[in-house]
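Novice: One structure is given below, represented as structure tokens, and several questions about it will come after.
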Amino acid sequence: MLRRAGRFLEDRTGLRALLRSALDEEIGGGARWAYVFGSALGVLFVVQAVTGALLMLTYTPSVADAWSSVFYIQHRVTAGWFVRGLHSYGAQAMLLVAGLHLVQVVLYGAYKKPREVTWWLGLALSGLLVALVVTGHRLPWDQKGYWALLVELNVVAATPGVGDTLHDLAAGGSAIGRQTLTRLHALHVAILPAAVILLLLGHRALVRKHGRTAPEGAEPARSSPLYPAQVARDLLFVLLVLGAVAAVTAATHGVGLDGPAEPDRDYPARPEWFLRPLYELRKMTPGPWEVVSTIVVPGAVAAFLFALPLLDRGPSRRVRHRLVWITPVLLVLAGAGALGGISAARDRADEQLEEALSEQRRRTERAIDLARAGVPPEGPVAMLRDDPWTHGRDVYRQMCTSCHVLYGEGDREAPDHTGYGSRRWLMLLMHNPDDPHFFGETDLEEEMGSQDELGEEKLRGIVEFLFALGHEPQDPPYDEALAARGERDFERECMSCHTYGDDGDWLGNGGPHLSGYGSRTWIYRQIRDPGGPRSYGERNDMPAFHGQLTEHDLTMVTAYLRQQRFEEPDFTVEPPEDE
Amino acid sequence: MDETSKGRRRFVEVLIGLGGLAAGALLAVPGVATVVDPLVRRRRPSDGWRPIADASALRDDAPVSLPVIGDQVDAWTRAPEQRLGTVWLVRRGDGAIDCFTAECPHLGCRIGYSEEQGTFFCPCHESSFGTDGSVRSGPSPRPMDRLEARVRDGKIEVQFRRFRTAIPEQKEIG
């Protein structure tokens with residue numbers, strides 16, 4: 001029955017004959033391990049096509065959605081991280097195998113007549129492979145990819161004469177934007193793969209037409225069909241590569257995802273490892289010599305490889321007769337390796353870079369944490385902009401650390417904000433307000449003085465009362481009885497200078513109005529207008545930030561600072577000086 | 001083959017050629033038009049003074065970096081109050097204000113300021129610049145790009161522009 005069906009199909013399609021003719025391809029000189037690279041690249045390309053299609057089930061090529069959809073693939077979709085890992089590491093493995101393929105072909109002299117076109121198609125395929133890997137790395141629209149892309153587009157734009165045109169065509173406009181990503185995506189999933197398939201068909205047809213290039217002196221009688229000897233070798237090598245790719249994917253839990261692209265923030269852009277040599281070269285060629293590293297050197301290497309079969313026309317394919325042609329290729333590879341090594345070593349020794357990267361790691365982790373709760377439709381940048389721990393922190397670090405200290409960072413000219421508004425912070429303040437961690441470096445030094453004489457018991461109550469002043473409905477509860485007792489003591493002991501409640505703008509006897517102390521409203525007002533009648537009035541020495549910060553910045557930095565009431569100070573204070 | 005069939009064959013060949021060309025052009029013309037659309041759509045750089053902050057934001061001891069806020073038009077979207085770029089403001093000894101865009105003239109990364117060294121610094125390819133914008137070291141082909149700035153009614157205003165990177169001369173882009 002089965003056999004009849006098979007015969008039916010065979011009569012009408014000739015499939016079996018086709019397969020047999022493919023498997024019977026004659027390998028002159030017999031099967032060899034040296035021939036596995038080309039076939040492996042073919043199989044790896046199929047793996048890329050399959051994993052790529054799987055990623056496209058989720059990936060969304062929109063500036064607002066790209067990062068979030070990759071986050072979703074990486075952290076939510078079942079086996080998403082594994083598919084993405086295979087795709088990304090698989091692509092990088094292809095670059096390595098393509099390099100091996102090239103070296104093998106050069107050593108065997110396999111580019112020589114009549115195989116020049118096979119060689120040229122191979123070179124073009126390598127170029128397409130690099131283009132695919134580069135465009136692919138930019139698609140997650142993360143910091144790393146975004147800034148590398150920015151630099152690459154600007155390199156393109158600097159091409160004499162046609163730079164502007166090339167840049168705008170690639171970027172889909174005069175600046176990076178929505179159409180940059182849609183264009184990259186179209187290149188990556190349609191245009192470049194279509195070109196690969198066309199050239200690959202041509203390359204493979206020519207290999208079949210001209211046969212493999214056995215080393216000179218190989219026994220011609222040993223020729224064998226493709227199947228099974230060569231196919232077995234090819235398969236074993238493919239399994240080795242795929243095994244390595246899968247192992248790396250499993251060991252690293254897939255390719256990492258950097259934080260979302262933030263065009264607002266600076267970032268130390270670095271290209272992928274295989275472009276590192278050009279990157280390092282670029283840093284070595286200043287100013288007008290830049291074209292040397294962006295155009296002259298890569299252009300010369302490409303031209304040399306292209307011209308190789310035209311230059312090396314001698315009859316011999318033996319390595320020792322062709323050293324003059326083989327050496328430059330190996331030198332270029334060695335030079336690229338050396339430059340890459342230098343570049344990596346220089347970055348490892350760069351403390352400023354490490355600092356920037358560790359800041360970015362923090363941001364990345366935060367972005368991923370936030371994304372777990374769901375990214376808003378406006379995208380991940382809006383998500384970070386509305387996050388006090390990210391944007392509030394940015395504002396704080398930019399505007400506040402020139403006087404205040406938080407987590408040990410900043411100049412100690414005004415109160416330390418670590419644990420600001422917490423019970424412990426308030427207690428330390430009562431203990432010694434003139435400590436450098438509080439008002440010791442400000443004009444308010446010696447205004448308040450230590451309150452130790454009130455005794456531990458009363459102070460605990462007053463601290464609870466002050467803590468309760470900034471209480472907001474969503475906060476954990478405070479000790480109401482203790483705070484009530486503290487309120488009575490506060491009225492007795494502190495109201496000669498301070499006030500609270502609805503006493504209008506009364507500044508007391510110089511101490512700030514404490515209604516809502518430690519609440520969002522209080523902090524907001526303090527930052528916006530610290531010299532206002534409900535803050536420090538004429539005694540204020542802090543700059544007002546209204547006009548310098550947008551409303552949103554103010555809200556964010558306020559929320560960020562307010563979080564400190566639920567943390568602990570990381571410092572203690574000196575005992576107060578005796579009066 | 002007689003002369004008539006040869007002529008007839010020639011005629012059919014010409015027809016096939018023309019037909020092929022027509023079919024190709026049907027795809028190629030709109031295809032090229034779509035691809036080069038960004039070149040046709042180049043926007044003119046926008047002029048005008050943009051207020052960026054109160055004059056009190058300036059510092060005497062160090063350069064200050066401030067965002068430039070404006071409407072951002074990108075393909076089918078228009079977003080109000082976006083950060084278009086960043087500028088560095090330096091108050092000179094004579095009281096005048098120097099304003100530089102933070103976009104590195106080398107390859108467009110964001111220039112930062114190192115308080116320790118008192119220089120501007122680009123993290124991508126390690127170009128560094130003096131507080132007057134001049135190149136101190138690194139691959140930058142020209143000094144930091146200067147923007148026009150002024151103080152009006154207590155507000156700092158700048159004319160924000162972008163320039164082509166990696167070339168020695170200053171060439172504005174849209």
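Convention: chains lettered A, B, ... in structure tokens order; per-chain residue numbering from 1; ligands numbered from 1 as shown.
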Taking only C-alpha atoms into account, report as a PyMOL selection string which residues of chain A lie within 8 Å of chain B.

Specialist: chain A and resi 147+150-151+154-155+157-158+165+168-169+172-174+177-179+264-270+282-288+290+353+547-548

Novice: Quick one: write out the picked residues with N, CA and C atoms as a short mmCIF file (atom, residue, chain, number, x, y, z; two decimals), in the first residue's frame?

Specialist:
```
data_model
loop_
_atom_site.label_atom_id
_atom_site.label_comp_id
_atom_site.auth_asym_id
_atom_site.auth_seq_id
_atom_site.Cartn_x
_atom_site.Cartn_y
_atom_site.Cartn_z
N TRP A 147 22.61 52.89 20.86
CA TRP A 147 23.77 53.78 20.77
C TRP A 147 24.79 53.28 19.76
N LEU A 150 23.37 54.46 16.51
CA LEU A 150 23.59 55.89 16.32
C LEU A 150 24.98 56.15 15.75
N VAL A 151 25.97 55.49 16.38
CA VAL A 151 27.35 55.68 15.92
C VAL A 151 27.51 55.15 14.50
N ASN A 154 26.11 57.42 11.95
CA ASN A 154 26.94 58.61 11.78
C ASN A 154 28.21 58.30 11.02
N VAL A 155 28.71 57.07 11.17
CA VAL A 155 29.86 56.65 10.36
C VAL A 155 29.46 56.64 8.89
N ALA A 157 27.10 58.35 7.57
CA ALA A 157 26.84 59.73 7.14
C ALA A 157 28.11 60.47 6.79
N ALA A 158 29.24 60.01 7.33
CA ALA A 158 30.49 60.71 7.08
C ALA A 158 31.16 60.27 5.79
N THR A 165 22.90 61.07 2.00
CA THR A 165 21.86 60.30 1.33
C THR A 165 21.78 58.89 1.91
N ASP A 168 20.22 58.97 5.44
CA ASP A 168 18.78 59.19 5.50
C ASP A 168 18.00 58.00 4.96
N LEU A 169 18.57 57.31 3.96
CA LEU A 169 17.90 56.12 3.44
C LEU A 169 17.89 55.02 4.50
N GLY A 172 15.76 56.22 7.54
CA GLY A 172 14.37 56.56 7.23
C GLY A 172 14.05 57.99 7.59
N GLY A 173 15.06 58.85 7.62
CA GLY A 173 14.86 60.25 7.98
C GLY A 173 16.19 60.84 8.40
N SER A 174 16.19 62.12 8.78
CA SER A 174 17.46 62.76 9.11
C SER A 174 17.90 62.44 10.53
N GLY A 177 14.58 57.31 14.31
CA GLY A 177 13.19 57.41 14.75
C GLY A 177 12.43 56.14 14.44
N ARG A 178 11.11 56.29 14.36
CA ARG A 178 10.27 55.12 14.15
C ARG A 178 10.62 54.38 12.88
N GLN A 179 10.87 55.16 11.81
CA GLN A 179 11.13 54.49 10.53
C GLN A 179 12.53 53.89 10.45
N ASP A 264 17.75 60.09 25.66
CA ASP A 264 18.07 61.19 26.57
C ASP A 264 19.35 60.98 27.37
N ARG A 265 19.76 59.75 27.49
CA ARG A 265 20.86 59.48 28.42
C ARG A 265 22.13 59.14 27.67
N ASP A 266 23.26 59.54 28.23
CA ASP A 266 24.49 59.16 27.56
C ASP A 266 24.79 57.70 27.85
N TYR A 267 25.50 57.10 26.94
CA TYR A 267 25.80 55.68 27.07
C TYR A 267 27.10 55.41 26.32
N PRO A 268 28.01 54.65 26.93
CA PRO A 268 29.27 54.37 26.24
C PRO A 268 29.07 53.31 25.16
N ALA A 269 28.78 53.74 23.93
CA ALA A 269 28.47 52.79 22.86
C ALA A 269 29.68 51.93 22.52
N ARG A 270 29.45 50.64 22.41
CA ARG A 270 30.48 49.71 21.95
C ARG A 270 29.85 48.77 20.94
N ARG A 282 39.36 52.94 14.81
CA ARG A 282 38.78 54.26 14.68
C ARG A 282 39.30 55.20 15.76
N LYS A 283 39.45 54.64 16.97
CA LYS A 283 39.95 55.50 18.04
C LYS A 283 41.39 55.91 17.78
N MET A 284 42.11 55.08 16.98
CA MET A 284 43.52 55.37 16.73
C MET A 284 43.70 56.36 15.59
N THR A 285 42.66 56.62 14.82
CA THR A 285 42.80 57.51 13.67
C THR A 285 42.00 58.78 13.91
N PRO A 286 42.68 59.83 14.42
CA PRO A 286 41.96 61.04 14.80
C PRO A 286 41.57 61.89 13.61
N GLY A 287 40.55 62.70 13.83
CA GLY A 287 40.14 63.77 12.93
C GLY A 287 40.07 63.36 11.48
N PRO A 288 40.81 64.06 10.61
CA PRO A 288 40.67 63.84 9.16
C PRO A 288 41.10 62.43 8.73
N GLU A 290 40.04 59.75 9.93
CA GLU A 290 39.00 58.79 10.26
C GLU A 290 38.62 57.89 9.08
N LEU A 353 34.27 53.77 32.42
CA LEU A 353 33.38 52.91 31.64
C LEU A 353 32.66 51.94 32.57
N GLY A 547 11.16 76.41 38.23
CA GLY A 547 11.80 77.03 37.08
C GLY A 547 13.00 76.24 36.60
N GLN A 548 13.65 75.52 37.51
CA GLN A 548 14.79 74.70 37.09
C GLN A 548 14.35 73.27 36.83
#
```

Novice: If we count only C-alpha atoms, what is near His321 of chain A at a cut-off of 12 Å, once residues fewer than 6 positions away on the same chain are taken out, given as a list in words?

Specialist: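 Listing them by chain and then by number gives Leu107, Tyr108, Gly109, Glu216, Asp312, Arg313, Gly314, Pro315 and Thr327 of chain A.
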
Novice: Do a neighbour search on Ser62 of chain A at 8 Å with only C-alpha atoms, toss out local chain neighbours closer than 2 positions, and write the hits as a PyMOL selection string.

Specialist: chain A and resi 60+64-66+178+181-182

Novice: Which parts of segment 371-474 of chain A does DSSP call helix (DSSP H, G or I) when run on the backbone here, written out as a ChimeraX atom specification?

Specialist: /A:371-372,380-385,388-399,423-431,452-454,456-469

Novice: Give me a file of those residues, with C-alpha atoms, as a PDB file, in the first residue's frame.

Specialist:
```pdb
ATOM      1  CA  ALA A 371       8.174  45.464  33.064  1.00  0.00           C
ATOM      2  CA  ARG A 372       7.199  42.357  35.016  1.00  0.00           C
ATOM      3  CA  PRO A 380       9.356  51.580  28.364  1.00  0.00           C
ATOM      4  CA  VAL A 381      10.847  55.077  28.260  1.00  0.00           C
ATOM      5  CA  ALA A 382       7.593  56.510  29.635  1.00  0.00           C
ATOM      6  CA  MET A 383       7.624  53.692  32.198  1.00  0.00           C
ATOM      7  CA  LEU A 384      11.068  54.739  33.448  1.00  0.00           C
ATOM      8  CA  ARG A 385      10.189  58.422  33.321  1.00  0.00           C
ATOM      9  CA  PRO A 388      10.671  57.631  41.113  1.00  0.00           C
ATOM     10  CA  TRP A 389      13.432  55.067  41.626  1.00  0.00           C
ATOM     11  CA  THR A 390      14.715  55.755  38.122  1.00  0.00           C
ATOM     12  CA  HIS A 391      13.741  59.264  37.054  1.00  0.00           C
ATOM     13  CA  GLY A 392      13.522  60.692  40.575  1.00  0.00           C
ATOM     14  CA  ARG A 393      16.956  59.275  41.235  1.00  0.00           C
ATOM     15  CA  ASP A 394      18.296  60.816  37.989  1.00  0.00           C
ATOM     16  CA  VAL A 395      16.992  64.229  38.995  1.00  0.00           C
ATOM     17  CA  TYR A 396      18.376  63.819  42.507  1.00  0.00           C
ATOM     18  CA  ARG A 397      21.806  62.828  41.246  1.00  0.00           C
ATOM     19  CA  GLN A 398      21.881  65.708  38.822  1.00  0.00           C
ATOM     20  CA  MET A 399      20.446  68.477  40.967  1.00  0.00           C
ATOM     21  CA  ARG A 423      12.229  57.376  62.847  1.00  0.00           C
ATOM     22  CA  ARG A 424      15.926  56.715  63.239  1.00  0.00           C
ATOM     23  CA  TRP A 425      16.860  59.737  61.102  1.00  0.00           C
ATOM     24  CA  LEU A 426      14.568  61.968  63.196  1.00  0.00           C
ATOM     25  CA  MET A 427      16.040  60.562  66.410  1.00  0.00           C
ATOM     26  CA  LEU A 428      19.598  61.266  65.230  1.00  0.00           C
ATOM     27  CA  LEU A 429      18.522  64.793  64.271  1.00  0.00           C
ATOM     28  CA  MET A 430      17.127  65.383  67.780  1.00  0.00           C
ATOM     29  CA  HIS A 431      20.299  63.998  69.230  1.00  0.00           C
ATOM     30  CA  ASP A 452      18.830  65.071  74.619  1.00  0.00           C
ATOM     31  CA  GLU A 453      17.710  66.801  77.808  1.00  0.00           C
ATOM     32  CA  LEU A 454      14.103  65.803  77.016  1.00  0.00           C
ATOM     33  CA  GLU A 456      14.696  59.046  75.670  1.00  0.00           C
ATOM     34  CA  GLU A 457      11.022  58.457  76.560  1.00  0.00           C
ATOM     35  CA  LYS A 458       9.740  61.856  75.435  1.00  0.00           C
ATOM     36  CA  LEU A 459      11.932  61.863  72.357  1.00  0.00           C
ATOM     37  CA  ARG A 460      10.539  58.524  71.218  1.00  0.00           C
ATOM     38  CA  GLY A 461       7.061  59.981  71.388  1.00  0.00           C
ATOM     39  CA  ILE A 462       7.988  63.203  69.609  1.00  0.00           C
ATOM     40  CA  VAL A 463       9.753  61.233  66.874  1.00  0.00           C
ATOM     41  CA  GLU A 464       6.644  59.062  66.388  1.00  0.00           C
ATOM     42  CA  PHE A 465       4.513  62.207  66.259  1.00  0.00           C
ATOM     43  CA  LEU A 466       6.798  63.830  63.654  1.00  0.00           C
ATOM     44  CA  PHE A 467       6.858  60.594  61.684  1.00  0.00           C
ATOM     45  CA  ALA A 468       3.055  60.522  61.775  1.00  0.00           C
ATOM     46  CA  LEU A 469       2.852  64.089  60.403  1.00  0.00           C
TER      47      LEU A 469
END
```

Novice: Could you please determine the separation between atom CA of Arg565 of chain A and atom CA of Ile527 of chain A in Å, to one decimal place?

Specialist: 16.6 Å

Novice: Can you work out which one of A:Gly470, A:Gly379, A:Gly410, A:Gly122 has the shortest atom-to-atom distance to Phe306 of chain A, counting only C-alpha atoms?

Specialist: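 Closest candidate: A:Gly122.
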
Novice: Grab the atom CA of Val36 of chain A to atom CA of Val134 of chain A distance for me, in Å with one decimal place.

Specialist: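 Interatomic distance here is 25.4 Å.
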